[in-house]
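Coordinates as given in structure_1.txt (compact mmCIF, C-alpha atoms):
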# COMPACT_ATOMS: atom_id res chain seq x y z
CA MET A 1 -5.95 -55.69 10.97
CA LYS A 2 -5.80 -59.22 9.61
CA HIS A 3 -6.42 -58.03 6.06
CA ARG A 4 -3.79 -55.31 6.49
CA LYS A 5 -1.13 -57.90 7.47
CA ILE A 6 -2.04 -60.00 4.45
CA ASN A 7 -1.72 -56.97 2.18
CA ILE A 8 1.71 -56.15 3.62
CA LEU A 9 2.85 -59.76 3.11
CA VAL A 10 1.66 -59.72 -0.50
CA ALA A 11 3.46 -56.45 -1.12
CA VAL A 12 6.72 -57.83 0.30
CA LEU A 13 6.47 -60.98 -1.81
CA TYR A 14 5.71 -58.96 -4.93
CA ALA A 15 8.68 -56.65 -4.31
CA SER A 16 10.97 -59.66 -3.82
CA LEU A 17 9.74 -61.20 -7.06
CA CYS A 18 10.34 -58.00 -8.99
CA PHE A 19 13.84 -57.62 -7.53
CA GLY A 20 14.74 -61.21 -8.43
CA THR A 21 13.42 -60.81 -11.97
CA ALA A 22 15.35 -57.57 -12.43
CA PHE A 23 18.55 -59.23 -11.25
CA CYS A 24 18.15 -62.12 -13.68
CA VAL A 25 17.40 -59.84 -16.63
CA GLY A 26 20.19 -57.43 -15.76
CA HIS A 27 22.89 -60.09 -15.42
CA ASN A 28 25.08 -60.55 -18.48
CA TYR A 29 28.13 -62.56 -19.48
CA ASP A 30 30.44 -59.58 -19.19
CA ASP A 31 30.18 -59.97 -15.40
CA PRO A 32 32.89 -62.03 -13.66
CA MET A 33 32.43 -65.80 -13.63
CA PRO A 34 30.68 -67.03 -10.48
CA ALA A 35 33.04 -68.31 -7.79
CA ASP A 36 31.51 -71.79 -7.80
CA PHE A 37 32.01 -72.04 -11.58
CA LEU A 38 35.68 -71.13 -11.26
CA LYS A 39 36.09 -73.61 -8.38
CA LYS A 40 34.61 -76.43 -10.44
CA ASP A 41 36.74 -75.39 -13.42
CA ARG A 42 39.93 -75.56 -11.34
CA MET A 43 38.92 -78.99 -10.03
CA SER A 44 38.35 -80.14 -13.61
CA GLN A 45 41.79 -78.88 -14.61
CA GLU A 46 43.49 -80.75 -11.77
CA GLN A 47 41.64 -83.99 -12.45
CA SER A 48 41.81 -84.07 -16.24
CA GLY A 49 45.37 -82.78 -16.68
CA LYS A 50 46.88 -81.10 -19.70
CA ALA A 51 44.18 -82.18 -22.17
CA SER A 52 41.51 -79.87 -20.76
CA ARG A 53 43.06 -78.04 -17.85
CA ARG A 54 41.24 -74.78 -18.47
CA TRP A 55 38.04 -75.76 -20.27
CA PRO A 56 34.71 -75.42 -18.46
CA LEU A 57 33.16 -78.68 -17.30
CA SER A 58 30.50 -78.49 -20.01
CA PHE A 59 33.06 -78.68 -22.85
CA ARG A 60 33.05 -82.00 -24.72
CA GLY A 61 35.43 -83.53 -27.24
CA THR A 62 38.41 -81.34 -26.36
CA LYS A 63 41.98 -82.20 -27.33
CA ASN A 64 45.39 -81.41 -25.90
CA ASN A 65 46.06 -77.70 -25.82
CA GLU A 66 49.20 -77.80 -27.91
CA ILE A 67 50.80 -76.22 -30.93
CA THR A 68 51.39 -78.47 -33.92
CA GLY A 69 54.75 -77.93 -35.58
CA SER A 70 56.14 -76.38 -32.41
CA GLN A 71 59.65 -77.19 -33.67
CA PHE A 72 59.27 -74.32 -36.12
CA LEU A 73 59.22 -71.92 -33.18
CA LYS A 74 62.76 -72.94 -32.24
CA PRO A 75 64.41 -69.60 -33.17
CA ILE A 76 62.03 -67.82 -30.80
CA SER A 77 62.26 -70.40 -28.02
CA GLU A 78 66.05 -70.20 -28.03
CA ARG A 79 65.93 -66.43 -27.60
CA MET A 80 63.15 -66.55 -25.02
CA ASN A 81 64.89 -69.15 -22.88
CA SER A 82 68.38 -67.69 -23.18
CA GLY A 83 67.29 -64.25 -22.05
CA GLU A 84 69.50 -62.70 -24.73
CA GLY A 85 67.84 -59.61 -26.11
CA MET A 86 64.24 -58.52 -26.48
CA VAL A 87 61.77 -60.55 -28.56
CA ARG A 88 59.04 -58.60 -30.33
CA VAL A 89 55.69 -60.41 -30.46
CA LEU A 90 52.86 -59.18 -32.67
CA GLN A 91 49.35 -60.60 -33.06
CA ILE A 92 47.28 -59.57 -36.09
CA GLY A 93 43.68 -60.49 -36.80
CA ASP A 94 40.03 -59.58 -37.13
CA SER A 95 37.48 -58.34 -34.58
CA HIS A 96 38.43 -61.13 -32.17
CA VAL A 97 41.80 -59.42 -31.85
CA LYS A 98 40.47 -55.87 -32.20
CA GLY A 99 38.32 -56.28 -29.08
CA ASN A 100 41.59 -56.58 -27.10
CA TYR A 101 40.42 -59.12 -24.47
CA PHE A 102 41.92 -62.00 -26.46
CA PRO A 103 45.37 -60.44 -27.04
CA ARG A 104 45.51 -58.93 -23.55
CA ALA A 105 44.96 -62.33 -21.95
CA LEU A 106 47.64 -63.79 -24.22
CA GLU A 107 49.99 -60.95 -23.33
CA GLN A 108 49.42 -61.50 -19.61
CA VAL A 109 50.43 -65.17 -19.79
CA LEU A 110 53.54 -64.44 -21.88
CA MET A 111 54.61 -61.52 -19.72
CA SER A 112 54.22 -63.56 -16.55
CA HIS A 113 56.63 -66.15 -17.92
CA TYR A 114 59.14 -64.08 -19.86
CA GLY A 115 58.85 -60.55 -18.52
CA GLY A 116 59.30 -57.50 -20.70
CA ALA A 117 57.19 -54.50 -21.57
CA VAL A 118 53.98 -53.77 -23.43
CA LEU A 119 54.52 -51.82 -26.62
CA GLU A 120 51.58 -49.61 -27.58
CA GLY A 121 51.08 -48.31 -31.11
CA VAL A 122 53.70 -48.37 -33.84
CA ASP A 123 56.14 -45.78 -32.49
CA MET A 124 59.37 -47.70 -32.05
CA ASP A 125 60.88 -44.82 -30.05
CA CYS A 126 58.73 -46.08 -27.16
CA ALA A 127 60.23 -49.57 -27.27
CA PRO A 128 62.50 -50.80 -24.49
CA ALA A 129 66.15 -51.38 -25.25
CA LEU A 130 66.52 -54.40 -27.51
CA ASP A 131 69.34 -55.86 -25.47
CA ASP A 132 67.08 -56.13 -22.41
CA PRO A 133 65.75 -59.66 -21.69
CA GLY A 134 62.09 -60.49 -22.15
CA MET A 135 59.63 -59.44 -24.81
CA THR A 136 57.45 -56.70 -26.18
CA PHE A 137 53.87 -57.39 -27.19
CA ASN A 138 51.56 -55.61 -29.58
CA TYR A 139 48.47 -56.40 -31.62
CA ILE A 140 46.62 -55.03 -34.63
CA GLY A 141 43.00 -56.02 -35.20
CA ILE A 142 40.42 -54.77 -37.70
CA ASN A 143 36.69 -55.46 -37.47
CA GLY A 144 35.46 -57.61 -40.34
CA ALA A 145 38.97 -58.14 -41.69
CA ARG A 146 40.03 -61.12 -43.72
CA THR A 147 43.64 -62.14 -44.18
CA VAL A 148 43.86 -60.31 -47.50
CA ARG A 149 43.35 -56.94 -45.77
CA PHE A 150 46.76 -57.25 -44.12
CA THR A 151 48.50 -57.84 -47.45
CA GLU A 152 47.72 -54.24 -48.45
CA PRO A 153 50.58 -51.70 -48.37
CA ASP A 154 49.30 -49.66 -45.41
CA MET A 155 49.03 -52.72 -43.16
CA LEU A 156 52.39 -54.14 -44.25
CA GLU A 157 53.92 -50.76 -43.41
CA ARG A 158 52.39 -50.80 -39.92
CA ILE A 159 53.75 -54.28 -39.34
CA ALA A 160 57.16 -53.30 -40.72
CA ASN A 161 57.35 -50.41 -38.26
CA LEU A 162 57.04 -52.93 -35.44
CA ASN A 163 59.71 -55.22 -36.94
CA PRO A 164 58.27 -58.33 -35.20
CA ASP A 165 60.22 -61.48 -34.36
CA LEU A 166 57.09 -63.62 -33.80
CA VAL A 167 53.90 -62.89 -35.76
CA ILE A 168 50.69 -64.58 -34.57
CA VAL A 169 48.21 -64.65 -37.45
CA SER A 170 44.61 -64.96 -36.20
CA PHE A 171 42.08 -64.91 -39.04
CA GLY A 172 39.44 -67.26 -40.44
CA THR A 173 36.06 -66.32 -38.99
CA ASN A 174 35.24 -63.85 -41.77
CA GLU A 175 36.64 -66.21 -44.41
CA ALA A 176 34.23 -68.86 -43.10
CA HIS A 177 31.30 -66.46 -43.58
CA GLY A 178 32.06 -65.95 -47.27
CA ASN A 179 32.84 -67.97 -50.37
CA PHE A 180 35.94 -69.72 -49.16
CA ASN A 181 38.44 -71.17 -51.62
CA LYS A 182 41.43 -73.04 -50.19
CA ASN A 183 43.80 -72.30 -53.06
CA GLU A 184 42.98 -68.60 -52.95
CA HIS A 185 43.56 -68.60 -49.20
CA PHE A 186 46.94 -70.27 -49.66
CA TYR A 187 47.85 -67.54 -52.14
CA THR A 188 46.76 -64.87 -49.65
CA LEU A 189 48.80 -66.41 -46.83
CA ASP A 190 51.80 -66.55 -49.18
CA ALA A 191 51.36 -62.84 -49.95
CA LEU A 192 51.02 -61.94 -46.26
CA ILE A 193 54.04 -63.91 -45.06
CA SER A 194 56.30 -62.87 -47.94
CA GLY A 195 55.20 -59.25 -47.51
CA ILE A 196 56.14 -59.27 -43.82
CA ARG A 197 59.42 -61.07 -44.46
CA ARG A 198 60.51 -58.42 -46.94
CA ASN A 199 61.02 -56.08 -43.99
CA SER A 200 61.50 -58.67 -41.22
CA PRO A 201 63.37 -61.53 -42.91
CA ASN A 202 63.89 -63.45 -39.66
CA ALA A 203 60.27 -63.29 -38.52
CA VAL A 204 58.74 -66.55 -37.25
CA PHE A 205 55.03 -67.19 -37.73
CA LEU A 206 52.31 -68.90 -35.70
CA LEU A 207 48.93 -69.44 -37.35
CA THR A 208 45.70 -69.85 -35.37
CA THR A 209 42.41 -71.26 -36.62
CA PRO A 210 39.00 -69.62 -36.09
CA PRO A 211 37.26 -70.74 -32.86
CA GLY A 212 33.85 -71.37 -34.47
CA SER A 213 30.66 -69.42 -35.08
CA TYR A 214 27.02 -69.75 -36.08
CA ILE A 215 25.10 -68.67 -39.14
CA THR A 216 21.44 -67.71 -39.39
CA THR A 217 19.16 -69.90 -41.48
CA SER A 218 15.44 -70.34 -41.96
CA GLY A 219 13.65 -72.56 -39.49
CA GLN A 220 10.03 -73.72 -39.49
CA SER A 221 7.55 -72.13 -41.88
CA TRP A 222 3.86 -71.62 -41.26
CA ARG A 223 0.83 -69.92 -42.82
CA ASP A 224 -1.30 -67.51 -40.84
CA ARG A 225 -5.08 -67.20 -41.02
CA ARG A 226 -4.80 -64.75 -43.90
CA GLY A 227 -2.77 -67.21 -45.96
CA ARG A 228 0.55 -65.39 -45.57
CA TRP A 229 3.69 -67.50 -45.06
CA HIS A 230 6.15 -66.86 -42.22
CA SER A 231 9.41 -68.51 -41.23
CA SER A 232 11.50 -68.45 -38.09
CA ALA A 233 15.24 -67.81 -38.10
CA VAL A 234 17.52 -70.24 -36.29
CA HIS A 235 21.25 -70.32 -35.60
CA VAL A 236 23.22 -73.35 -36.75
CA PRO A 237 26.98 -74.00 -36.53
CA ASN A 238 28.89 -72.63 -39.49
CA LYS A 239 30.26 -75.84 -41.00
CA ARG A 240 32.56 -73.88 -43.30
CA THR A 241 34.71 -73.14 -40.23
CA ALA A 242 36.00 -76.72 -40.35
CA GLU A 243 37.06 -76.20 -43.97
CA VAL A 244 38.91 -72.99 -43.10
CA ALA A 245 40.59 -74.54 -40.05
CA GLU A 246 41.73 -77.58 -42.04
CA ALA A 247 43.17 -75.32 -44.74
CA ILE A 248 45.16 -73.30 -42.19
CA VAL A 249 46.55 -76.50 -40.62
CA GLU A 250 47.44 -77.86 -44.06
CA TYR A 251 49.19 -74.63 -45.02
CA GLY A 252 51.26 -74.75 -41.85
CA GLN A 253 52.30 -78.34 -42.53
CA LYS A 254 53.31 -77.55 -46.11
CA HIS A 255 55.29 -74.44 -45.21
CA ASN A 256 56.88 -75.47 -41.89
CA ILE A 257 54.82 -73.02 -39.84
CA ALA A 258 53.47 -73.71 -36.36
CA VAL A 259 49.67 -73.81 -35.91
CA TRP A 260 47.42 -73.48 -32.86
CA ASP A 261 44.22 -75.22 -34.00
CA VAL A 262 41.81 -73.90 -31.39
CA TYR A 263 38.84 -75.13 -33.44
CA SER A 264 39.88 -78.76 -33.05
CA ILE A 265 41.24 -78.30 -29.53
CA ALA A 266 37.92 -76.86 -28.33
CA GLY A 267 35.85 -79.72 -29.76
CA GLY A 268 36.05 -79.58 -33.55
CA GLU A 269 33.13 -79.77 -35.94
CA ALA A 270 31.02 -81.85 -33.57
CA PHE A 271 31.44 -79.84 -30.36
CA ALA A 272 33.36 -76.54 -30.71
CA CYS A 273 30.38 -74.28 -31.46
CA PRO A 274 27.96 -75.79 -28.91
CA ASN A 275 30.77 -75.89 -26.35
CA TRP A 276 31.26 -72.13 -26.57
CA ARG A 277 27.56 -71.32 -26.74
CA ASN A 278 26.28 -73.70 -24.08
CA SER A 279 28.93 -72.48 -21.63
CA GLY A 280 27.68 -68.92 -22.01
CA LEU A 281 30.93 -67.79 -23.62
CA MET A 282 29.39 -66.46 -26.85
CA GLN A 283 27.64 -63.16 -27.39
CA THR A 284 24.06 -63.11 -28.68
CA ASP A 285 25.18 -62.84 -32.33
CA GLN A 286 26.90 -66.22 -31.82
CA ILE A 287 29.91 -65.01 -33.78
CA HIS A 288 31.73 -62.97 -31.17
CA PHE A 289 32.56 -64.02 -27.63
CA THR A 290 32.06 -62.68 -24.14
CA VAL A 291 34.92 -61.22 -22.15
CA GLN A 292 35.37 -64.59 -20.45
CA GLY A 293 35.35 -66.39 -23.80
CA TYR A 294 38.09 -64.21 -25.23
CA GLU A 295 40.13 -64.33 -22.04
CA LEU A 296 39.91 -68.11 -22.06
CA GLN A 297 41.14 -68.24 -25.66
CA GLY A 298 44.01 -65.86 -24.94
CA SER A 299 45.08 -67.76 -21.83
CA MET A 300 44.94 -71.10 -23.64
CA LEU A 301 47.04 -69.76 -26.53
CA GLY A 302 49.54 -68.27 -24.09
CA GLU A 303 49.87 -71.54 -22.21
CA ALA A 304 50.30 -73.46 -25.46
CA ILE A 305 53.10 -71.10 -26.52
CA VAL A 306 54.84 -71.38 -23.15
CA GLU A 307 54.59 -75.18 -23.31
CA ALA A 308 55.99 -75.20 -26.85
CA MET A 309 58.90 -73.03 -25.75
CA ARG A 310 59.56 -75.30 -22.75
CA ASP A 311 59.56 -78.59 -24.64
CA PRO A 312 62.87 -79.75 -26.08
CA LEU A 313 62.83 -79.06 -29.79

Using structure tokens, write down the structure that the file contains.
Amino acid sequence: MKHRKINILVAVLYASLCFGTAFCVGHNYDDPMPADFLKKDRMSQEQSGKASRRWPLSFRGTKNNEITGSQFLKPISERMNSGEGMVRVLQIGDSHVKGNYFPRALEQVLMSHYGGAVLEGVDMDCAPALDDPGMTFNYIGINGARTVRFTEPDMLERIANLNPDLVIVSFGTNEAHGNFNKNEHFYTLDALISGIRRNSPNAVFLLTTPPGSYITTSGQSWRDRRGRWHSSAVHVPNKRTAEVAEAIVEYGQKHNIAVWDVYSIAGGEAFACPNWRNSGLMQTDQIHFTVQGYELQGSMLGEAIVEAMRDPL
């Protein structure tokens, strides 16, 4: 009888261990953030104020969540705040936009402040009446796209069909993973903006920088007993992201275009990448983000836009 009780106890402990292990392995970052994490995050926002009101506690080196050159959004802010007519907002970008969590979070913040309707697709017959107050929101994202992809005739036609008033341009990650040339990128941005303005001459633009990503490089090398060499792969922050972000900021300054520099706001070259990764907001490829990571970016951009529209210009 004694041995039987011991065996039952061992079985119960073993089952508990297996269940706990399965739970840990099965958990992923697409699940909702734990309640205690959100509570701590809200406390951090209240204590630290505007500079980091939505960043997780683990984020270091963050800056004020604000749009540089916000005065260049004045034509949009006047319409938004006056409630005269509908403002069409369009976000274009790469896979970060295509995945829809980023633009949907942005849309939610803007809609909560300005009202309006969501415009799906490019069929303008579905749009609300343009004399109604508020805004419409749409987005176009393409996996692997660089800015130059949207300068092609088919993309410019899609954008023209939407006739946007505010165009949010969100590229840079794929440029940072290639042979980046600042002058060539300036030429591409010129082609994109002039191409859109041919059909929407009054369009206002807002540029965003890439949030940061990692690249794979060789780590330690070793020789096995048979004399064959092996090397381990490691992820390191993609330093070219800083170059791309700086170029986008510089372009905005030279052409009187507003810029949301999320790369610098989230920690810059020293902290942005480890901030995202160490907070569990990056996917395993360390290029794309979890649902929470994208939703955080979209909410932060939305709040920065609302703040820019609220400030006297």

Original post:
Any idea what the distance is between atom CA of A:Ala247 and atom CA of A:Arg310?
Top reply: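 Spanning atom CA of A:Ala247 to atom CA of A:Arg310 is a straight-line distance of 27.4 Å.
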
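Considering the residues A:Met80, A:Ile215, A:Val169, A:Ile92 and counting all atoms listed in the file, A:His113 has its shortest atom-to-atom contact with A:Met80.
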
Please report, as AutoDock Vina command-line options, the centre and edge lengths in Å to one decimal of an axis-aligned box covering all listed atoms of stretch 85-94 of chain A with 8 Å per side.
--center_x 53.9 --center_y -59.6 --center_z -31.6 --size_x 43.8 --size_y 18.1 --size_z 27.0

Original post:
How many Å separate atom CA of A:Asp261 from atom CA of A:Leu206?
Top reply: 10.4 Å

Original post:
Using all atoms listed in the file, which residues sit within 12 Å of A:Gly178 once same-chain residues fewer than 6 positions away are excluded, as a list in words?
Top reply: Gly144, Ala145, Arg146, Gly172, His185, Ile215, Asn238, Lys239, Arg240, Thr241, Glu243 and Val244 of chain A

Original post:
Looking at only C-alpha atoms, which of A:Asn179, A:Thr284, A:Ile305, A:Leu162 is the one that sits closest to A:Val259?
Top reply: A:Ile305

Original post:
Nearest to A:Pro56 among A:Ala245, A:Leu301, A:Leu296, A:Ile193, with distances taken over all atoms listed in the file: which residue is it?
Top reply: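 Distance minimum relative to A:Pro56 lands on A:Leu296.
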
Original post:
How many Å lie between atom CA of A:Val236 and atom CA of A:Phe271, rounded to one decimal?
Top reply: 12.3 Å

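With only C-alpha atoms as the atoms that count, the residue of A:Ile265, A:Met282, A:Ile140, A:Met111 with the shortest distance to A:Ile168 is A:Ile140.
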